[in-house]
file coords-v4.tsv (TSV, C-alpha atoms)
chain	number	residue	atom	x	y	z
X	12	MET	CA	22.74	31.82	-47.35
X	13	ILE	CA	22.86	29.99	-44.01
X	14	SER	CA	25.88	27.71	-44.08
X	15	LYS	CA	26.38	26.60	-40.45
X	16	VAL	CA	24.37	26.15	-37.28
X	17	THR	CA	25.52	25.32	-33.75
X	18	THR	CA	23.11	24.88	-30.87
X	19	THR	CA	23.55	24.30	-27.15
X	20	GLN	CA	20.56	23.12	-25.17
X	21	GLY	CA	19.71	22.37	-21.56
X	22	GLY	CA	18.59	18.75	-21.20
X	23	GLN	CA	15.08	18.19	-19.86
X	24	CYS	CA	13.93	14.60	-20.50
X	25	TYR	CA	12.82	13.59	-17.03
X	26	VAL	CA	9.41	12.47	-18.35
X	27	GLU	CA	7.60	11.80	-21.62
X	28	ALA	CA	6.62	15.46	-21.98
X	29	GLY	CA	10.32	16.33	-22.11
X	30	VAL	CA	10.87	13.90	-24.97
X	31	ILE	CA	7.98	15.43	-26.91
X	32	SER	CA	9.19	18.96	-26.19
X	33	ASN	CA	12.69	18.17	-27.51
X	34	GLN	CA	11.23	16.58	-30.61
X	35	ASN	CA	9.07	19.65	-31.24
X	36	ILE	CA	12.08	21.94	-30.85
X	37	ALA	CA	14.07	19.83	-33.31
X	38	ARG	CA	11.26	19.94	-35.87
X	39	ARG	CA	10.92	23.73	-35.58
X	40	LEU	CA	14.67	24.16	-36.09
X	41	GLN	CA	14.53	21.81	-39.06
X	42	GLN	CA	11.77	23.93	-40.59
X	43	LEU	CA	13.91	27.03	-40.10
X	44	PHE	CA	17.11	25.48	-41.49
X	45	PRO	CA	16.05	22.70	-43.90
X	46	ASP	CA	19.28	22.87	-45.93
X	47	ILE	CA	21.39	22.45	-42.80
X	48	LEU	CA	19.28	20.18	-40.58
X	49	THR	CA	18.40	17.72	-43.31
X	50	GLU	CA	16.10	14.76	-42.73
X	51	THR	CA	18.87	12.31	-43.64
X	52	TYR	CA	21.69	11.71	-41.18
X	53	ASP	CA	25.26	12.00	-42.43
X	54	PRO	CA	28.13	11.76	-39.92
X	55	ASP	CA	30.16	14.12	-42.08
X	56	ARG	CA	27.51	16.84	-41.65
X	57	PHE	CA	26.54	16.54	-37.99
X	58	LEU	CA	28.23	16.43	-34.60
X	59	PHE	CA	26.23	15.38	-31.53
X	60	ARG	CA	27.47	15.54	-27.95
X	61	HIS	CA	25.83	15.35	-24.51
X	62	THR	CA	26.98	15.08	-20.90
X	63	GLU	CA	27.13	11.91	-18.81
X	64	LEU	CA	23.68	12.34	-17.25
X	65	GLU	CA	20.78	10.23	-18.44
X	66	ARG	CA	18.49	13.20	-19.07
X	67	THR	CA	20.89	14.85	-21.55
X	68	ASN	CA	21.46	11.49	-23.20
X	69	THR	CA	17.70	10.96	-23.60
X	70	SER	CA	17.11	14.58	-24.63
X	71	LEU	CA	19.65	14.52	-27.46
X	72	ARG	CA	18.39	11.17	-28.74
X	73	ALA	CA	14.84	12.54	-28.79
X	74	PHE	CA	16.15	15.55	-30.71
X	75	ALA	CA	17.90	13.30	-33.25
X	76	ALA	CA	14.84	11.06	-33.64
X	77	ALA	CA	12.73	14.06	-34.63
X	78	LEU	CA	15.31	15.14	-37.21
X	79	PHE	CA	16.08	11.79	-38.84
X	80	GLY	CA	13.25	9.39	-37.96
X	81	ALA	CA	14.41	5.79	-38.22
X	82	GLY	CA	17.81	7.05	-39.38
X	83	ALA	CA	18.49	8.33	-35.86
X	84	GLN	CA	19.68	4.86	-34.89
X	85	ASN	CA	22.80	5.54	-36.97
X	86	VAL	CA	23.71	8.78	-35.18
X	87	ILE	CA	27.21	8.82	-33.73
X	88	TYR	CA	27.55	10.59	-30.38
X	89	GLU	CA	30.87	11.99	-29.23
X	90	ASP	CA	32.63	10.17	-26.41
X	91	ILE	CA	32.12	11.69	-22.94
X	92	PRO	CA	35.37	12.31	-21.06
X	93	GLU	CA	35.59	11.32	-17.41
X	94	THR	CA	36.25	14.98	-16.55
X	95	ASP	CA	34.05	17.02	-18.87
X	96	TRP	CA	35.69	20.44	-19.03
X	97	PHE	CA	33.75	21.20	-22.21
X	98	LEU	CA	30.07	20.81	-21.24
X	99	ARG	CA	30.28	20.62	-17.41
X	100	PRO	CA	33.15	22.95	-16.42
X	101	PHE	CA	31.14	24.34	-13.48
X	102	ASP	CA	31.37	20.94	-11.75
X	103	VAL	CA	35.08	20.26	-12.18
X	104	CYS	CA	36.79	23.63	-11.62
X	105	PRO	CA	38.00	23.88	-7.98
X	106	ALA	CA	38.62	27.64	-8.25
X	107	PHE	CA	35.04	28.22	-9.38
X	108	LEU	CA	33.54	25.98	-6.70
X	109	ASP	CA	35.52	27.87	-4.04
X	110	GLU	CA	34.40	31.20	-5.51
X	111	VAL	CA	30.70	30.31	-5.29
X	112	GLU	CA	30.84	28.51	-1.94
X	113	ASN	CA	28.45	31.09	-0.45
X	114	ARG	CA	25.95	31.01	-3.33
X	115	PHE	CA	23.06	30.14	-0.99
X	116	ASP	CA	23.55	33.12	1.34
X	117	GLN	CA	21.19	35.52	-0.43
X	118	GLN	CA	18.48	32.87	-0.69
X	119	LEU	CA	18.72	32.05	3.00
X	120	ALA	CA	18.58	35.74	3.90
X	121	LEU	CA	15.47	36.26	1.74
X	122	ARG	CA	13.74	33.43	3.62
X	123	GLN	CA	14.08	35.42	6.83
X	124	GLY	CA	12.54	38.54	5.28
X	125	PRO	CA	9.00	39.97	5.50
X	126	GLU	CA	7.98	38.90	1.97
X	127	VAL	CA	8.54	35.22	2.70
X	128	GLU	CA	6.98	35.55	6.14
X	129	GLU	CA	3.82	36.99	4.57
X	130	MET	CA	3.77	34.29	1.88
X	131	LEU	CA	4.04	31.50	4.49
X	132	ALA	CA	1.21	33.06	6.50
X	133	ASP	CA	-0.99	33.20	3.37
X	134	VAL	CA	-0.34	29.57	2.41
X	135	ASN	CA	-0.83	28.24	5.94
X	136	ARG	CA	-4.03	30.21	6.34
X	137	LYS	CA	-5.40	28.94	3.05
X	138	LEU	CA	-4.61	25.32	3.96
X	139	GLY	CA	-5.87	25.64	7.53
X	140	PHE	CA	-2.57	25.22	9.38
X	141	HIS	CA	-2.04	27.31	12.51
X	142	SER	CA	0.52	27.99	15.24
X	143	SER	CA	2.77	25.01	15.96
X	144	ASN	CA	1.22	23.07	13.07
X	145	SER	CA	2.24	25.68	10.50
X	146	LEU	CA	4.14	24.48	7.47
X	147	SER	CA	7.80	25.51	7.27
X	148	PHE	CA	9.39	27.23	4.31
X	149	ASP	CA	11.13	24.00	3.27
X	150	THR	CA	7.80	22.14	3.13
X	151	VAL	CA	6.03	24.92	1.23
X	152	TYR	CA	8.95	25.17	-1.19
X	153	VAL	CA	8.73	21.43	-1.96
X	154	MET	CA	5.00	21.90	-2.62
X	155	TRP	CA	5.79	24.70	-5.05
X	156	GLU	CA	8.46	22.54	-6.75
X	157	TRP	CA	5.86	19.81	-7.26
X	158	CYS	CA	3.45	22.40	-8.59
X	159	ARG	CA	5.79	23.54	-11.33
X	160	PHE	CA	7.11	20.05	-12.07
X	161	GLU	CA	3.63	18.62	-12.60
X	162	THR	CA	2.66	21.65	-14.68
X	163	ALA	CA	5.72	21.20	-16.89
X	164	SER	CA	5.37	17.41	-17.13
X	165	THR	CA	1.78	17.68	-18.38
X	166	PHE	CA	2.20	20.75	-20.55
X	167	GLU	CA	2.53	18.91	-23.88
X	168	PHE	CA	-0.70	16.98	-23.25
X	169	SER	CA	-2.78	19.73	-21.64
X	170	GLY	CA	-3.94	21.63	-24.70
X	171	SER	CA	-3.38	24.79	-22.65
X	172	GLU	CA	-0.87	27.60	-23.06
X	173	THR	CA	-0.17	27.45	-19.32
X	174	GLY	CA	-0.04	23.66	-18.85
X	175	GLY	CA	-2.23	21.29	-16.90
X	176	ASP	CA	-3.70	21.80	-13.45
X	177	SER	CA	-1.82	20.45	-10.44
X	178	VAL	CA	-3.33	20.17	-6.98
X	179	TRP	CA	0.02	21.32	-5.60
X	180	CYS	CA	-0.55	24.73	-7.20
X	181	ALA	CA	-3.80	25.36	-5.33
X	182	PRO	CA	-2.28	27.22	-2.32
X	183	PHE	CA	-0.25	29.64	-4.44
X	184	SER	CA	-1.18	32.99	-5.91
X	185	LEU	CA	0.64	34.81	-8.71
X	186	THR	CA	2.39	36.88	-6.02
X	187	HIS	CA	3.68	33.70	-4.41
X	188	HIS	CA	4.98	32.37	-7.73
X	189	LEU	CA	6.85	35.60	-8.39
X	190	LEU	CA	8.46	35.48	-4.96
X	191	PHE	CA	9.60	31.88	-5.42
X	192	GLU	CA	10.97	32.79	-8.82
X	193	TYR	CA	13.00	35.60	-7.25
X	194	HIS	CA	14.22	33.16	-4.60
X	195	ASP	CA	15.55	30.85	-7.31
X	196	ASP	CA	16.92	33.72	-9.39
X	197	LEU	CA	19.04	34.79	-6.42
X	198	PHE	CA	20.72	31.40	-6.35
X	199	HIS	CA	21.57	31.35	-10.06
X	200	PHE	CA	22.62	35.01	-10.03
X	201	HIS	CA	25.25	34.23	-7.39
X	202	TYR	CA	26.21	30.86	-8.85
X	203	THR	CA	26.39	31.23	-12.63
X	204	GLY	CA	25.50	34.89	-13.13
X	205	TYR	CA	26.58	38.45	-12.57
X	206	GLY	CA	26.51	38.05	-8.79
X	207	VAL	CA	29.74	36.04	-8.76
X	208	ARG	CA	32.47	38.42	-7.57
X	209	ASN	CA	35.15	37.06	-9.90
X	210	GLN	CA	33.39	37.65	-13.22
X	211	ARG	CA	36.56	36.89	-15.15
X	212	LEU	CA	36.47	33.39	-13.73
X	213	VAL	CA	32.86	32.90	-14.85
X	214	GLU	CA	33.73	34.15	-18.34
X	215	ASN	CA	36.76	31.85	-18.60
X	216	LEU	CA	34.73	28.88	-17.41
X	217	ASN	CA	33.24	28.55	-20.90
X	218	CYS	CA	36.50	29.14	-22.72
X	219	GLY	CA	36.35	25.74	-24.44
X	220	VAL	CA	32.78	26.09	-25.68
X	221	MET	CA	33.19	29.68	-26.83
X	222	GLN	CA	36.47	28.95	-28.62
X	223	ASP	CA	34.89	25.95	-30.30
X	224	LEU	CA	31.93	28.10	-31.38
X	225	LEU	CA	34.10	30.87	-32.81
X	226	ASN	CA	36.47	28.49	-34.61
X	227	PHE	CA	33.52	26.61	-36.12
X	228	ILE	CA	31.67	29.71	-37.28
X	229	ASP	CA	34.80	31.29	-38.75
X	230	SER	CA	36.20	28.21	-40.46
X	231	ASN	CA	36.04	27.78	-44.25
X	232	ASN	CA	37.23	24.18	-44.16
X	233	ASP	CA	35.08	22.14	-46.54
X	234	ASP	CA	35.59	19.07	-44.36
X	235	ASP	CA	33.81	20.65	-41.38
X	236	VAL	CA	30.40	19.48	-40.26
X	237	VAL	CA	27.61	21.98	-40.91
X	238	ALA	CA	25.76	21.54	-37.61
X	239	ARG	CA	27.11	21.04	-34.10
X	240	LEU	CA	24.49	20.06	-31.52
X	241	PHE	CA	25.31	19.96	-27.82
X	242	MET	CA	23.06	18.94	-24.93
X	243	SER	CA	24.22	20.31	-21.61
X	244	HIS	CA	22.68	22.08	-18.59
X	245	ARG	CA	21.24	25.45	-17.65
X	246	GLN	CA	24.43	26.34	-15.77
X	247	LEU	CA	26.34	26.28	-19.05
X	248	ILE	CA	23.70	28.36	-20.82
X	249	GLN	CA	23.64	30.93	-18.00
X	250	THR	CA	27.42	31.34	-17.91
X	251	MET	CA	27.40	31.71	-21.71
X	252	MET	CA	24.84	34.50	-21.30
X	253	VAL	CA	27.28	36.22	-18.95
X	254	VAL	CA	30.06	35.90	-21.53
X	255	LEU	CA	27.76	37.50	-24.10
X	256	GLY	CA	26.68	40.24	-21.66
X	257	SER	CA	23.02	39.24	-21.95
X	258	PHE	CA	20.29	39.76	-19.32
X	259	ARG	CA	22.44	42.17	-17.33
X	260	ASP	CA	20.68	44.60	-14.97
X	261	THR	CA	21.73	48.10	-13.97
X	262	TRP	CA	21.47	47.11	-10.31
X	263	PRO	CA	22.27	43.61	-9.03
X	264	ILE	CA	19.51	41.62	-7.39
X	265	HIS	CA	19.86	40.83	-3.69
X	266	GLN	CA	17.81	39.96	-0.63
X	267	HIS	CA	16.65	43.53	0.05
X	268	ASN	CA	15.46	44.78	-3.36
X	269	TYR	CA	12.80	42.29	-4.41
X	270	ALA	CA	10.13	44.99	-4.80
X	271	GLN	CA	12.45	47.12	-6.94
X	272	GLN	CA	13.41	44.25	-9.27
X	273	SER	CA	10.02	43.28	-10.69
X	274	GLY	CA	11.22	44.41	-14.13
X	275	ARG	CA	14.65	42.77	-13.91
X	276	ASN	CA	16.38	41.17	-16.87
X	277	TRP	CA	17.82	38.27	-14.85
X	278	LEU	CA	14.73	36.04	-15.03
X	279	THR	CA	15.71	32.38	-15.16
X	280	SER	CA	12.19	31.39	-16.23
X	281	VAL	CA	12.85	33.40	-19.42
X	282	MET	CA	16.58	32.72	-19.78
X	283	THR	CA	16.69	29.01	-19.03
X	284	PRO	CA	13.31	27.28	-18.93
X	285	LEU	CA	13.22	23.56	-19.70
X	286	GLY	CA	14.60	22.90	-23.17
X	287	THR	CA	16.41	26.23	-23.50
X	288	ASN	CA	18.30	26.66	-26.78
X	289	LEU	CA	21.15	28.96	-27.69
X	290	VAL	CA	21.48	28.86	-31.47
X	291	VAL	CA	24.31	30.52	-33.38
X	292	ILE	CA	24.05	30.81	-37.16
X	293	ARG	CA	26.58	31.70	-39.83
X	294	TYR	CA	25.34	33.57	-42.87
X	295	ASP	CA	27.44	33.62	-46.05
X	296	CYS	CA	26.37	36.81	-47.78
X	297	ASP	CA	26.68	37.74	-51.44
X	298	ASP	CA	29.35	40.33	-50.67
X	299	GLU	CA	31.43	37.58	-48.98
X	300	ARG	CA	31.04	39.11	-45.53
X	301	ARG	CA	30.05	36.69	-42.78
X	302	ARG	CA	27.67	37.79	-40.08
X	303	PRO	CA	27.03	35.52	-37.08
X	304	SER	CA	23.58	35.75	-35.54
X	305	PHE	CA	22.43	34.89	-32.01
X	306	PRO	CA	18.69	34.08	-31.90
X	307	PHE	CA	17.44	32.80	-28.57
X	308	GLU	CA	14.55	30.35	-28.28

call {"tool": "encode", "arguments": {"input": "coords-v4.tsv", "output": "structure tokens"}}
result
Amino acid sequence: MISKVTTTQGGQCYVEAGVISNQNIARRLQQLFPDILTETYDPDRFLFRHTELERTNTSLRAFAAALFGAGAQNVIYEDIPETDWFLRPFDVCPAFLDEVENRFDQQLALRQGPEVEEMLADVNRKLGFHSSNSLSFDTVYVMWEWCRFETASTFEFSGSETGGDSVWCAPFSLTHHLLFEYHDDLFHFHYTGYGVRNQRLVENLNCGVMQDLLNFIDSNNDDDVVARLFMSHRQLIQTMMVVLGSFRDTWPIHQHNYAQQSGRNWLTSVMTPLGTNLVVIRYDCDDERRRPSFPFE
């Protein structure tokens, strides 16, 4: 029997599609755990908490609306402390910020490499820019950002498994997308991943969340809530993955081994896309043993 569920999600409600996506996620979880995520809100059964940003606020309210319908207006949300060590420790820990001060170095080095040079030549040639009129990396990167943002923001309405068409995507091939993904993966790998030299610091960064999770799952207190739902950011999810030892590669990714890392585990588009969920479940088995489970959605 499933007796407890706790979920941590990365907020994504920049646009209407994000609201719909969060509502769909909530409904799927409710279908999976109907005895836990009931359709009627009860403050003694549920805990809701988000960070101070508007997008996590909106995301969690969309999530609650899908669970409880009109009853969502009664949901109580935990107070947000001025310094949020629980859900935003990566922003308020001076030791961590000092440790990752050079987190952009690998990205900047990749931009000077032959792969990026070839990609820029391809894009400029396709768009008809030449010589002194050629588009810089920064400009092309912004175009790619708009490409993926518009694709994501129209996905729920597109009727397509790959999202809607964006004119900003026109200059880019699959090869270009993979290179940009690697560019972004380098940043996260050296900011909230296995590329941070002081791994113990990264692991301890989520001490509060992990201790809360373990205490909740292990507790037999009848007064406990049965579901704890947190809305945070991809940085928190990624550092939790490090604590769990997930998505680790045999060889670290860096500026020089792009071609060798096409099959890498550290893929942020898989680990932490918009609306990422880390769900931890407690099972109470007939033989009285408890087995926590870690499904990733």

call {"tool": "residues_around", "arguments": {"input": "coords-v4.tsv", "residues": "Phe227 of chain X", "least_positions_apart": "2", "cutoff": "9 Å", "atoms": "only C-alpha atoms", "output": "JSON, numbers by chain"}}
result
{"X": [15, 17, 222, 223, 224, 225, 229, 230, 231, 235, 236, 237, 239]}

call {"tool": "residues_around", "arguments": {"input": "coords-v4.tsv", "residues": "Val16 of chain X", "least_positions_apart": "5", "cutoff": "9 Å", "atoms": "all atoms listed in the file", "output": "PyMOL selection string"}}
result
chain X and resi 44+47-48+228+237-240+290-293

call {"tool": "atom_distance", "arguments": {"input": "coords-v4.tsv", "atom1": "atom CA of Leu216 of chain X", "atom2": "atom CA of Phe101 of chain X"}}
result
7.0 Å

call {"tool": "atom_distance", "arguments": {"input": "coords-v4.tsv", "atom1": "atom CA of Phe107 of chain X", "atom2": "atom CA of Val253 of chain X"}}
result
14.7 Å

call {"tool": "atom_distance", "arguments": {"input": "coords-v4.tsv", "atom1": "atom CA of Val281 of chain X", "atom2": "atom CA of Asp195 of chain X"}}
result
12.7 Å

call {"tool": "residues_around", "arguments": {"input": "coords-v4.tsv", "residues": "Val220 of chain X", "least_positions_apart": "4", "cutoff": "10 Å", "atoms": "all atoms listed in the file", "output": "ChimeraX atom specification"}}
result
/X:19,96-98,100,215-216,224-226,241,247,251

call {"tool": "closest_residue", "arguments": {"input": "coords-v4.tsv", "among": "X:Cys180, X:Val111, X:Leu58, X:Leu146", "to": "Arg208 of chain X", "atoms": "all atoms listed in the file"}}
result
X:Val111

call {"tool": "closest_residue", "arguments": {"input": "coords-v4.tsv", "among": "X:Val134, X:Ile248, X:Leu185, X:Met242", "to": "Asn68 of chain X", "atoms": "only C-alpha atoms"}}
result
X:Met242

call {"tool": "residues_around", "arguments": {"input": "coords-v4.tsv", "residues": "Asp116 of chain X", "least_positions_apart": "5", "cutoff": "10 Å", "atoms": "all atoms listed in the file", "output": "MDAnalysis selection string"}}
result
chainID X and resid 121 197:198 201 265:266

call {"tool": "residues_around", "arguments": {"input": "coords-v4.tsv", "residues": "segment 254-261 of chain X", "least_positions_apart": "4", "cutoff": "7 Å", "atoms": "only C-alpha atoms", "output": "compact mmCIF listing (two decimals) with C-alpha atoms, in the frame of the given file"}}
result
# COMPACT_ATOMS: atom_id res chain seq x y z
CA GLU X 214 33.73 34.15 -18.34
CA THR X 250 27.42 31.34 -17.91
CA ARG X 275 14.65 42.77 -13.91
CA ASN X 276 16.38 41.17 -16.87
CA TRP X 277 17.82 38.27 -14.85
